[in-house]
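Content type PDB, C-alpha atoms, pLDDT in the B column, from the file protein_28.pdb:
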```pdb
ATOM      1  CA  ASP A  28       0.000   0.000   0.000  1.00 55.00           C
ATOM      2  CA  GLY A  29       1.261   3.467  -0.669  1.00 65.00           C
ATOM      3  CA  GLY A  30       0.491   7.037  -1.505  1.00 92.00           C
ATOM      4  CA  ILE A  31       0.428  10.161   0.619  1.00 95.00           C
ATOM      5  CA  THR A  32       0.355   9.373   4.339  1.00 96.00           C
ATOM      6  CA  GLN A  33      -0.530  11.997   6.907  1.00 97.00           C
ATOM      7  CA  SER A  34      -0.318  11.669  10.647  1.00 94.00           C
ATOM      8  CA  PRO A  35      -1.852  12.094  13.088  1.00 94.00           C
ATOM      9  CA  LYS A  36      -5.443  12.079  11.851  1.00 94.00           C
ATOM     10  CA  TYR A  37      -6.635  14.070  14.883  1.00 95.00           C
ATOM     11  CA  LEU A  38      -4.521  16.400  16.978  1.00 94.00           C
ATOM     12  CA  PHE A  39      -5.309  18.702  19.858  1.00 93.00           C
ATOM     13  CA  ARG A  40      -3.046  21.567  20.791  1.00 90.00           C
ATOM     14  CA  LYS A  41      -3.026  24.044  23.605  1.00 90.00           C
ATOM     15  CA  GLU A  42      -2.790  27.691  22.737  1.00 89.00           C
ATOM     16  CA  GLY A  43       0.801  28.884  22.506  1.00 88.00           C
ATOM     17  CA  GLN A  44       2.216  25.513  21.500  1.00 91.00           C
ATOM     18  CA  ASN A  45       3.804  24.577  18.213  1.00 94.00           C
ATOM     19  CA  VAL A  46       2.681  21.363  16.552  1.00 95.00           C
ATOM     20  CA  THR A  47       4.104  19.429  13.609  1.00 96.00           C
ATOM     21  CA  LEU A  48       2.003  17.495  11.116  1.00 97.00           C
ATOM     22  CA  SER A  49       3.705  14.670   9.285  1.00 97.00           C
ATOM     23  CA  CYS A  50       3.422  13.978   5.557  1.00 98.00           C
ATOM     24  CA  GLU A  51       5.213  11.086   3.878  1.00 97.00           C
ATOM     25  CA  GLN A  52       4.950   9.819   0.301  1.00 96.00           C
ATOM     26  CA  ASN A  53       6.265   6.784  -1.545  1.00 94.00           C
ATOM     27  CA  LEU A  54       5.140   7.841  -5.005  1.00 92.00           C
ATOM     28  CA  ASN A  55       8.495   9.368  -5.961  1.00 92.00           C
ATOM     29  CA  HIS A  56       6.801  12.744  -6.381  1.00 90.00           C
ATOM     30  CA  ASP A  57       9.085  15.722  -6.828  1.00 90.00           C
ATOM     31  CA  ALA A  58       6.465  18.257  -5.754  1.00 90.00           C
ATOM     32  CA  MET A  59       4.626  18.379  -2.450  1.00 93.00           C
ATOM     33  CA  TYR A  60       2.019  20.768  -1.051  1.00 93.00           C
ATOM     34  CA  TRP A  61       0.187  21.725   2.112  1.00 96.00           C
ATOM     35  CA  TYR A  62      -3.364  23.049   2.050  1.00 95.00           C
ATOM     36  CA  ARG A  63      -5.672  24.287   4.778  1.00 95.00           C
ATOM     37  CA  GLN A  64      -9.439  23.809   4.696  1.00 94.00           C
ATOM     38  CA  ASP A  65     -11.929  25.504   6.998  1.00 93.00           C
ATOM     39  CA  PRO A  66     -15.455  24.077   7.417  1.00 87.00           C
ATOM     40  CA  GLY A  67     -17.581  24.600   4.330  1.00 84.00           C
ATOM     41  CA  GLN A  68     -14.743  26.259   2.455  1.00 86.00           C
ATOM     42  CA  GLY A  69     -12.393  25.341  -0.334  1.00 87.00           C
ATOM     43  CA  LEU A  70      -8.699  24.570   0.032  1.00 90.00           C
ATOM     44  CA  ARG A  71      -6.082  27.268   0.492  1.00 91.00           C
ATOM     45  CA  LEU A  72      -2.416  26.730  -0.291  1.00 91.00           C
ATOM     46  CA  ILE A  73       0.008  27.168   2.611  1.00 95.00           C
ATOM     47  CA  TYR A  74       3.379  26.042   1.211  1.00 95.00           C
ATOM     48  CA  TYR A  75       4.669  23.994  -1.673  1.00 92.00           C
ATOM     49  CA  SER A  76       7.977  22.427  -2.587  1.00 93.00           C
ATOM     50  CA  GLN A  77       9.253  21.633  -6.068  1.00 88.00           C
ATOM     51  CA  ILE A  78      12.385  19.852  -5.007  1.00 90.00           C
ATOM     52  CA  VAL A  79      14.362  18.783  -1.966  1.00 94.00           C
ATOM     53  CA  ASN A  80      15.721  21.666   0.125  1.00 95.00           C
ATOM     54  CA  ASP A  81      13.497  24.179  -1.626  1.00 94.00           C
ATOM     55  CA  PHE A  82       9.992  25.423  -0.820  1.00 95.00           C
ATOM     56  CA  GLN A  83       7.793  28.413  -1.581  1.00 92.00           C
ATOM     57  CA  LYS A  84       5.105  30.281   0.321  1.00 94.00           C
ATOM     58  CA  GLY A  85       1.541  29.845  -0.799  1.00 91.00           C
ATOM     59  CA  ASP A  86      -1.379  32.163  -0.166  1.00 90.00           C
ATOM     60  CA  ILE A  87      -1.573  31.801   3.625  1.00 94.00           C
ATOM     61  CA  ALA A  88       1.960  30.973   4.848  1.00 96.00           C
ATOM     62  CA  GLU A  89       1.982  33.258   7.898  1.00 96.00           C
ATOM     63  CA  GLY A  90       2.239  31.290  11.121  1.00 96.00           C
ATOM     64  CA  TYR A  91       3.407  28.110   9.374  1.00 97.00           C
ATOM     65  CA  SER A  92       6.786  26.619   8.548  1.00 97.00           C
ATOM     66  CA  VAL A  93       7.926  23.634   6.495  1.00 98.00           C
ATOM     67  CA  SER A  94      11.055  21.703   5.638  1.00 97.00           C
ATOM     68  CA  ARG A  95      11.975  19.407   2.759  1.00 97.00           C
ATOM     69  CA  GLU A  96      15.122  17.562   3.764  1.00 97.00           C
ATOM     70  CA  LYS A  97      14.088  14.368   2.024  1.00 96.00           C
ATOM     71  CA  LYS A  98      12.081  13.793  -1.127  1.00 96.00           C
ATOM     72  CA  GLU A  99       9.654  11.564   0.742  1.00 97.00           C
ATOM     73  CA  SER A 100       8.864  13.914   3.606  1.00 98.00           C
ATOM     74  CA  PHE A 101       7.295  17.376   3.878  1.00 98.00           C
ATOM     75  CA  PRO A 102       6.333  18.153   7.505  1.00 98.00           C
ATOM     76  CA  LEU A 103       4.287  21.214   8.400  1.00 98.00           C
ATOM     77  CA  THR A 104       4.747  23.063  11.686  1.00 97.00           C
ATOM     78  CA  VAL A 105       1.856  25.165  12.921  1.00 96.00           C
ATOM     79  CA  THR A 106       3.458  27.761  15.152  1.00 94.00           C
ATOM     80  CA  SER A 107       2.013  29.763  18.001  1.00 89.00           C
ATOM     81  CA  ALA A 108       2.016  32.747  15.648  1.00 87.00           C
ATOM     82  CA  GLN A 109      -0.870  31.226  13.691  1.00 89.00           C
ATOM     83  CA  LYS A 110      -3.832  33.015  15.219  1.00 87.00           C
ATOM     84  CA  ASN A 111      -6.583  30.638  14.158  1.00 90.00           C
ATOM     85  CA  PRO A 112      -5.021  27.220  13.581  1.00 93.00           C
ATOM     86  CA  THR A 113      -8.087  25.033  14.087  1.00 95.00           C
ATOM     87  CA  ALA A 114      -8.698  23.509  10.645  1.00 96.00           C
ATOM     88  CA  PHE A 115      -8.387  20.472   8.393  1.00 96.00           C
ATOM     89  CA  TYR A 116      -4.903  20.180   6.878  1.00 97.00           C
ATOM     90  CA  LEU A 117      -4.203  18.368   3.642  1.00 96.00           C
ATOM     91  CA  CYS A 118      -0.883  17.277   2.233  1.00 97.00           C
ATOM     92  CA  ALA A 119      -0.533  16.492  -1.450  1.00 94.00           C
ATOM     93  CA  GLY A 120       2.038  15.503  -4.022  1.00 92.00           C
ATOM     94  CA  SER A 121       2.494  15.590  -7.753  1.00 88.00           C
ATOM     95  CA  ARG A 122       5.040  14.088 -10.075  1.00 84.00           C
ATOM     96  CA  THR A 123       6.620  17.221 -11.437  1.00 74.00           C
ATOM     97  CA  GLY A 124       4.432  20.234 -10.717  1.00 59.00           C
ATOM     98  CA  GLY A 125       4.566  21.004 -14.396  1.00 64.00           C
ATOM     99  CA  GLU A 126       1.943  21.922 -16.923  1.00 61.00           C
ATOM    100  CA  GLU A 127       0.036  18.650 -17.197  1.00 68.00           C
ATOM    101  CA  ASP A 128       0.306  17.153 -13.779  1.00 76.00           C
ATOM    102  CA  THR A 129      -2.064  15.525 -11.349  1.00 83.00           C
ATOM    103  CA  ILE A 130      -2.049  16.270  -7.656  1.00 86.00           C
ATOM    104  CA  TYR A 131      -2.806  13.487  -5.183  1.00 91.00           C
ATOM    105  CA  PHE A 132      -3.922  14.088  -1.624  1.00 94.00           C
ATOM    106  CA  GLY A 133      -3.490  12.412   1.701  1.00 96.00           C
ATOM    107  CA  GLU A 134      -6.442  11.744   3.999  1.00 95.00           C
ATOM    108  CA  GLY A 135      -5.935  14.907   6.002  1.00 96.00           C
ATOM    109  CA  SER A 136      -5.251  15.876   9.601  1.00 96.00           C
ATOM    110  CA  TRP A 137      -7.701  17.619  11.906  1.00 96.00           C
ATOM    111  CA  LEU A 138      -6.071  20.137  14.226  1.00 95.00           C
ATOM    112  CA  THR A 139      -8.042  21.585  17.120  1.00 95.00           C
ATOM    113  CA  VAL A 140      -6.729  24.235  19.475  1.00 90.00           C
ATOM    114  CA  VAL A 141      -8.096  23.842  22.988  1.00 86.00           C
TER     115      VAL A 141
ATOM    116  CA  ASP B  23      -5.662  34.106 -13.417  1.00 54.00           C
ATOM    117  CA  ALA B  24      -8.454  32.030 -14.832  1.00 62.00           C
ATOM    118  CA  LYS B  25     -11.217  31.465 -12.298  1.00 84.00           C
ATOM    119  CA  THR B  26     -14.073  29.015 -12.250  1.00 91.00           C
ATOM    120  CA  THR B  27     -17.744  29.371 -11.401  1.00 93.00           C
ATOM    121  CA  GLN B  28     -19.818  26.421 -10.261  1.00 95.00           C
ATOM    122  CA  PRO B  29     -23.324  26.072  -8.833  1.00 96.00           C
ATOM    123  CA  THR B  30     -23.350  25.834  -5.067  1.00 95.00           C
ATOM    124  CA  SER B  31     -25.324  22.618  -4.944  1.00 96.00           C
ATOM    125  CA  MET B  32     -27.300  20.133  -6.990  1.00 96.00           C
ATOM    126  CA  ASP B  33     -29.281  16.970  -6.438  1.00 96.00           C
ATOM    127  CA  CYS B  34     -29.266  13.845  -8.559  1.00 95.00           C
ATOM    128  CA  ALA B  35     -31.331  10.669  -8.473  1.00 96.00           C
ATOM    129  CA  GLU B  36     -29.481   7.414  -8.007  1.00 96.00           C
ATOM    130  CA  GLY B  37     -28.886   5.637 -11.306  1.00 96.00           C
ATOM    131  CA  ARG B  38     -29.310   8.775 -13.370  1.00 96.00           C
ATOM    132  CA  ALA B  39     -26.552  10.773 -15.026  1.00 96.00           C
ATOM    133  CA  ALA B  40     -25.235  13.747 -13.090  1.00 97.00           C
ATOM    134  CA  ASN B  41     -24.141  16.720 -15.199  1.00 97.00           C
ATOM    135  CA  LEU B  42     -21.980  19.217 -13.338  1.00 97.00           C
ATOM    136  CA  PRO B  43     -21.349  22.534 -15.095  1.00 97.00           C
ATOM    137  CA  CYS B  44     -18.344  24.798 -14.724  1.00 96.00           C
ATOM    138  CA  ASN B  45     -17.674  28.195 -16.273  1.00 95.00           C
ATOM    139  CA  HIS B  46     -14.097  29.320 -16.924  1.00 91.00           C
ATOM    140  CA  SER B  47     -14.531  32.154 -19.395  1.00 90.00           C
ATOM    141  CA  THR B  48     -11.036  33.621 -18.868  1.00 87.00           C
ATOM    142  CA  ILE B  49      -9.154  30.364 -19.408  1.00 87.00           C
ATOM    143  CA  SER B  50      -5.953  30.643 -21.415  1.00 83.00           C
ATOM    144  CA  GLY B  51      -5.195  28.494 -24.437  1.00 81.00           C
ATOM    145  CA  ASN B  52      -2.785  26.155 -22.695  1.00 79.00           C
ATOM    146  CA  GLU B  53      -4.456  25.853 -19.317  1.00 84.00           C
ATOM    147  CA  TYR B  54      -5.974  22.527 -18.365  1.00 87.00           C
ATOM    148  CA  VAL B  55      -9.319  21.909 -16.683  1.00 91.00           C
ATOM    149  CA  TYR B  56      -9.183  19.502 -13.748  1.00 92.00           C
ATOM    150  CA  TRP B  57     -11.970  17.939 -11.708  1.00 95.00           C
ATOM    151  CA  TYR B  58     -11.643  16.638  -8.181  1.00 95.00           C
ATOM    152  CA  ARG B  59     -14.166  15.532  -5.615  1.00 96.00           C
ATOM    153  CA  GLN B  60     -14.070  15.487  -1.839  1.00 96.00           C
ATOM    154  CA  ILE B  61     -16.111  13.293   0.429  1.00 94.00           C
ATOM    155  CA  HIS B  62     -16.576  14.803   3.857  1.00 87.00           C
ATOM    156  CA  SER B  63     -13.427  14.780   6.005  1.00 86.00           C
ATOM    157  CA  GLN B  64     -11.330  13.049   3.362  1.00 92.00           C
ATOM    158  CA  GLY B  65      -8.683  14.274   0.953  1.00 93.00           C
ATOM    159  CA  PRO B  66      -9.851  15.332  -2.507  1.00 93.00           C
ATOM    160  CA  GLN B  67      -9.817  12.616  -5.135  1.00 94.00           C
ATOM    161  CA  TYR B  68      -8.706  13.187  -8.716  1.00 93.00           C
ATOM    162  CA  ILE B  69     -11.418  12.487 -11.302  1.00 96.00           C
ATOM    163  CA  ILE B  70     -10.348  13.670 -14.729  1.00 95.00           C
ATOM    164  CA  HIS B  71      -8.667  16.486 -16.631  1.00 92.00           C
ATOM    165  CA  GLY B  72      -8.578  17.842 -20.184  1.00 91.00           C
ATOM    166  CA  LEU B  73      -7.311  20.586 -22.445  1.00 89.00           C
ATOM    167  CA  LYS B  74      -9.475  20.798 -25.582  1.00 89.00           C
ATOM    168  CA  ASN B  75     -10.882  17.402 -26.413  1.00 88.00           C
ATOM    169  CA  ASN B  76     -13.533  15.519 -24.530  1.00 94.00           C
ATOM    170  CA  GLU B  77     -12.128  12.952 -22.149  1.00 96.00           C
ATOM    171  CA  THR B  78     -13.514   9.785 -20.583  1.00 97.00           C
ATOM    172  CA  ASN B  79     -12.219   7.428 -17.953  1.00 95.00           C
ATOM    173  CA  GLU B  80     -13.676   4.810 -15.640  1.00 95.00           C
ATOM    174  CA  MET B  81     -15.091   7.448 -13.309  1.00 94.00           C
ATOM    175  CA  ALA B  82     -16.525  10.160 -15.538  1.00 97.00           C
ATOM    176  CA  SER B  83     -16.587  12.058 -18.804  1.00 98.00           C
ATOM    177  CA  LEU B  84     -15.421  15.614 -19.355  1.00 98.00           C
ATOM    178  CA  ILE B  85     -17.019  17.703 -22.068  1.00 97.00           C
ATOM    179  CA  ILE B  86     -15.238  20.968 -22.932  1.00 96.00           C
ATOM    180  CA  THR B  87     -16.932  23.480 -25.202  1.00 95.00           C
ATOM    181  CA  GLU B  88     -15.216  24.448 -28.417  1.00 94.00           C
ATOM    182  CA  ASP B  89     -14.424  27.948 -27.121  1.00 93.00           C
ATOM    183  CA  ARG B  90     -13.160  26.363 -23.867  1.00 93.00           C
ATOM    184  CA  LYS B  91     -15.130  28.821 -21.767  1.00 94.00           C
ATOM    185  CA  SER B  92     -17.079  26.125 -19.999  1.00 95.00           C
ATOM    186  CA  SER B  93     -17.064  22.420 -19.304  1.00 96.00           C
ATOM    187  CA  THR B  94     -19.334  19.702 -17.925  1.00 97.00           C
ATOM    188  CA  LEU B  95     -18.411  16.741 -15.806  1.00 98.00           C
ATOM    189  CA  ILE B  96     -20.697  13.780 -16.371  1.00 98.00           C
ATOM    190  CA  LEU B  97     -21.134  10.956 -13.884  1.00 97.00           C
ATOM    191  CA  PRO B  98     -22.961   8.447 -16.083  1.00 96.00           C
ATOM    192  CA  HIS B  99     -24.785   6.443 -13.424  1.00 94.00           C
ATOM    193  CA  ALA B 100     -24.740   8.245 -10.097  1.00 96.00           C
ATOM    194  CA  THR B 101     -24.599   6.171  -6.917  1.00 96.00           C
ATOM    195  CA  LEU B 102     -25.017   7.182  -3.301  1.00 96.00           C
ATOM    196  CA  ARG B 103     -21.227   6.996  -2.961  1.00 95.00           C
ATOM    197  CA  ASP B 104     -20.933   9.865  -5.448  1.00 96.00           C
ATOM    198  CA  THR B 105     -22.331  12.289  -2.885  1.00 97.00           C
ATOM    199  CA  ALA B 106     -19.465  14.759  -2.440  1.00 97.00           C
ATOM    200  CA  VAL B 107     -18.216  18.263  -3.163  1.00 96.00           C
ATOM    201  CA  TYR B 108     -16.966  18.513  -6.747  1.00 97.00           C
ATOM    202  CA  TYR B 109     -14.257  21.019  -7.640  1.00 95.00           C
ATOM    203  CA  CYS B 110     -13.578  22.374 -11.101  1.00 95.00           C
ATOM    204  CA  ILE B 111     -10.056  23.805 -11.314  1.00 90.00           C
ATOM    205  CA  VAL B 112      -8.089  25.584 -13.982  1.00 87.00           C
ATOM    206  CA  ARG B 113      -4.407  25.006 -13.581  1.00 80.00           C
ATOM    207  CA  LEU B 114      -2.577  28.293 -13.126  1.00 64.00           C
ATOM    208  CA  LEU B 115       0.481  28.256 -15.327  1.00 56.00           C
ATOM    209  CA  THR B 116       1.626  31.666 -14.095  1.00 51.00           C
ATOM    210  CA  SER B 117       1.930  30.308 -10.570  1.00 54.00           C
ATOM    211  CA  TRP B 118       3.826  27.075 -10.633  1.00 56.00           C
ATOM    212  CA  GLY B 119       2.230  24.177  -8.910  1.00 59.00           C
ATOM    213  CA  LYS B 120      -0.852  25.939  -7.702  1.00 68.00           C
ATOM    214  CA  PHE B 121      -4.190  24.205  -7.869  1.00 77.00           C
ATOM    215  CA  GLN B 122      -6.679  26.860  -6.801  1.00 77.00           C
ATOM    216  CA  PHE B 123      -9.713  25.250  -5.190  1.00 82.00           C
ATOM    217  CA  GLY B 124     -12.931  27.246  -4.960  1.00 82.00           C
ATOM    218  CA  ALA B 125     -16.004  26.295  -2.940  1.00 84.00           C
ATOM    219  CA  GLY B 126     -17.111  23.636  -5.460  1.00 92.00           C
ATOM    220  CA  THR B 127     -20.540  22.074  -6.011  1.00 96.00           C
ATOM    221  CA  GLN B 128     -22.146  19.992  -3.280  1.00 96.00           C
ATOM    222  CA  VAL B 129     -23.738  17.045  -5.072  1.00 97.00           C
ATOM    223  CA  VAL B 130     -26.284  14.954  -3.199  1.00 97.00           C
ATOM    224  CA  VAL B 131     -27.357  11.686  -4.769  1.00 97.00           C
ATOM    225  CA  THR B 132     -30.738  10.524  -3.481  1.00 96.00           C
ATOM    226  CA  PRO B 133     -32.289   7.048  -3.621  1.00 94.00           C
TER     227      PRO B 133
END
```
Show me the file's structure as structure tokens.
Amino acid sequence: DGGITQSPKYLFRKEGQNVTLSCEQNLNHDAMYWYRQDPGQGLRLIYYSQIVNDFQKGDIAEGYSVSREKKESFPLTVTSAQKNPTAFYLCAGSRTGGEEDTIYFGEGSWLTVV
Amino acid sequence: DAKTTQPTSMDCAEGRAANLPCNHSTISGNEYVYWYRQIHSQGPQYIIHGLKNNETNEMASLIITEDRKSSTLILPHATLRDTAVYYCIVRLLTSWGKFQFGAGTQVVVTP
């Protein structure tokens, strides 16, 4: 079995704490992405990475950080600077990120700030 | 950037064809149209994509108008498991890698 694996599925965080969401893929995808989804809304791009050791800010990067030390892994850290972090987070990957490319998603992680 | 417009919601009877419209009047000549769907609390699932010609796969058919300003996703025989939010996306070539998801169409398949 393979694909895009996110963990944990559900996570609770106290205010003021950082939390890291894991994303691993075994599809040999060059490109990886993180999206945020609020209830009843579409997806918004947080960060994306085209290649190892390189990543770019998306539309809502403030309060988040990422790393891409390995091709297979693209963890997302939700920092205490993110004022409203409670949301559904989706990791995705695509082969090249080029013109005709298909993006594949993990099953998502629910983050709740308590 | 090319944007898409979809109806907020639509109902479909089980066993009937579901036709989901999408307007993308500002699409550029080399931008693709993609369709994804999302079942509640799951990651979006790829359905189909196309550039100019109509496309068909095991899940659905994609009909793109000749002027490319609109398209229709067809689910030939809707089942209850097809109840989901369906997203029509135009791939933004000016912003590498971005798939811009709007609010989509909530499709409810009823028995």
Check the smallest atom-to-atom distance from each of A:Asn55, A:Gln77, A:Asn111, A:Ser49 to Gly133 in chain A using all atoms listed in the file, then report the winner.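 Using all atoms listed in the file, the shortest distance to Gly133 in chain A belongs to A:Ser49.
Near chain B, within 6 Å and using only C-alpha atoms, the residues of chain A are A:Gln68, A:Gly69, A:Leu70, A:Gly124, A:Phe132, A:Gly133, A:Glu134, A:Gly135.
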Near His46 in chain B, within 10 Å and counting only C-alpha atoms, which residues show up once chain neighbours fewer than 6 positions away are dropped, as a ChimeraX atom specification? /B:24-28,55,90-93,110-112
For CA of Asp57 in chain A and CA of Trp137 in chain A, the interatomic separation in Å (one decimal): 25.2 Å
Two-atom distance - CA of Gly85 in chain A, CA of Tyr131 in chain A (Å): 17.5 Å
Figure out the distance between CA of Lys74 in chain B and CA of Ile86 in chain B, please, to one decimal in Å.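 Taking CA of Ile86 in chain B as the start and CA of Lys74 in chain B as the end point, the length is 6.3 Å.
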Among listed residues A:Ile31, A:Cys50, A:Cys118, A:Leu138, nearest Val105 in chain A (using only C-alpha atoms):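 Closest residue, counting only C-alpha atoms: A:Leu138.
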What would the selection look like, as a list of chain:residue names, if the PyMOL selection byres ((chain A and resi 61) around 6) were run on the coordinates I just shared?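 So the PyMOL selection byres ((chain A and resi 61) around 6) ends up selecting A:Tyr60, A:Tyr62, A:Ile73, A:Tyr74, A:Leu117, A:Cys118.
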Residues returned when the PyMOL selection byres ((chain A and resi 40) around 8) runs on this file, as JSON, numbers by chain: {"A": [38, 39, 41, 42, 44, 45, 46, 138, 139, 140, 141]}
I'd like to know which of A:Gln83, A:Asn53, A:Thr47, A:Ser34 is closest to Glu99 in chain A, using all atoms listed in the file.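 Using all atoms listed in the file, the shortest distance to Glu99 in chain A belongs to A:Asn53.
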Residue nearest Gly120 in chain A among A:Asn80, A:Ser107, A:Gln52, A:Gln64 (counting all atoms listed in the file): A:Gln52
Got a sec: who's within 6 Å of Leu103 in chain A, counting only C-alpha atoms, leaving out chain neighbours fewer than 3 positions off, as a ChimeraX atom specification? /A:47-48,92-93
With only C-alpha atoms as the counted atoms, please give the residues lying no more than 12 Å from Arg103 in chain B, apart from itself and same-chain residues fewer than 6 positions off, as a PyMOL selection string. chain B and resi 34+36-37+59-62+97+129-133
Take the PyMOL selection byres ((chain B and resi 94) around 7), apply it to the structure above, and return the hits as a ChimeraX atom specification. /B:41-44,84-86,93,95-96
Could you pull out every residue with an atom within 8 Å of (14.0, 21.3, 1.2), file coordinates, counting all atoms listed in the file, and send them as a ChimeraX atom specification? /A:76,78-82,94-97
Have range 73-80 of chain B completed to all heavy atoms, please, and pass it along as a compact mmCIF listing (two decimals), in the frame of the given file.
```
# COMPACT_ATOMS: atom_id res chain seq x y z
N LEU B 73 -7.77 19.32 -21.88
CA LEU B 73 -7.31 20.59 -22.44
C LEU B 73 -8.32 21.12 -23.46
O LEU B 73 -8.85 22.20 -23.31
CB LEU B 73 -5.96 20.42 -23.11
CG LEU B 73 -5.33 21.67 -23.72
CD1 LEU B 73 -5.06 22.71 -22.65
CD2 LEU B 73 -4.05 21.33 -24.48
N LYS B 74 -8.54 20.37 -24.53
CA LYS B 74 -9.48 20.80 -25.58
C LYS B 74 -10.50 19.72 -25.91
O LYS B 74 -11.68 19.99 -26.08
CB LYS B 74 -8.71 21.13 -26.86
CG LYS B 74 -7.76 22.29 -26.74
CD LYS B 74 -7.05 22.55 -28.05
CE LYS B 74 -6.06 23.69 -27.95
NZ LYS B 74 -5.33 23.90 -29.22
N ASN B 75 -10.02 18.49 -25.98
CA ASN B 75 -10.88 17.40 -26.41
C ASN B 75 -11.68 16.84 -25.24
O ASN B 75 -11.29 17.00 -24.09
CB ASN B 75 -10.04 16.28 -27.02
CG ASN B 75 -9.28 16.75 -28.24
OD1 ASN B 75 -9.79 17.53 -29.04
ND2 ASN B 75 -8.05 16.30 -28.37
N ASN B 76 -12.77 16.21 -25.56
CA ASN B 76 -13.53 15.52 -24.53
C ASN B 76 -12.73 14.32 -24.03
O ASN B 76 -11.99 13.70 -24.79
CB ASN B 76 -14.88 15.07 -25.09
CG ASN B 76 -15.73 16.24 -25.54
OD1 ASN B 76 -15.54 17.38 -25.10
ND2 ASN B 76 -16.67 15.98 -26.43
N GLU B 77 -12.87 14.04 -22.76
CA GLU B 77 -12.13 12.95 -22.15
C GLU B 77 -13.08 12.04 -21.40
O GLU B 77 -14.10 12.49 -20.88
CB GLU B 77 -11.08 13.50 -21.17
CG GLU B 77 -10.07 14.45 -21.76
CD GLU B 77 -9.05 13.78 -22.65
OE1 GLU B 77 -8.94 12.54 -22.58
OE2 GLU B 77 -8.37 14.48 -23.42
N THR B 78 -12.72 10.76 -21.34
CA THR B 78 -13.51 9.78 -20.58
C THR B 78 -12.58 8.82 -19.88
O THR B 78 -11.57 8.41 -20.44
CB THR B 78 -14.45 9.00 -21.53
OG1 THR B 78 -15.40 9.90 -22.10
CG2 THR B 78 -15.21 7.93 -20.76
N ASN B 79 -12.92 8.50 -18.65
CA ASN B 79 -12.22 7.43 -17.95
C ASN B 79 -13.24 6.60 -17.19
O ASN B 79 -14.46 6.75 -17.40
CB ASN B 79 -11.11 7.97 -17.06
CG ASN B 79 -11.63 8.86 -15.93
OD1 ASN B 79 -12.81 8.82 -15.57
ND2 ASN B 79 -10.74 9.69 -15.40
N GLU B 80 -12.77 5.73 -16.33
CA GLU B 80 -13.68 4.81 -15.64
C GLU B 80 -14.60 5.52 -14.65
O GLU B 80 -15.60 4.96 -14.23
CB GLU B 80 -12.87 3.73 -14.92
CG GLU B 80 -12.00 4.22 -13.79
CD GLU B 80 -10.67 4.79 -14.27
OE1 GLU B 80 -10.45 4.89 -15.49
OE2 GLU B 80 -9.84 5.13 -13.41
```
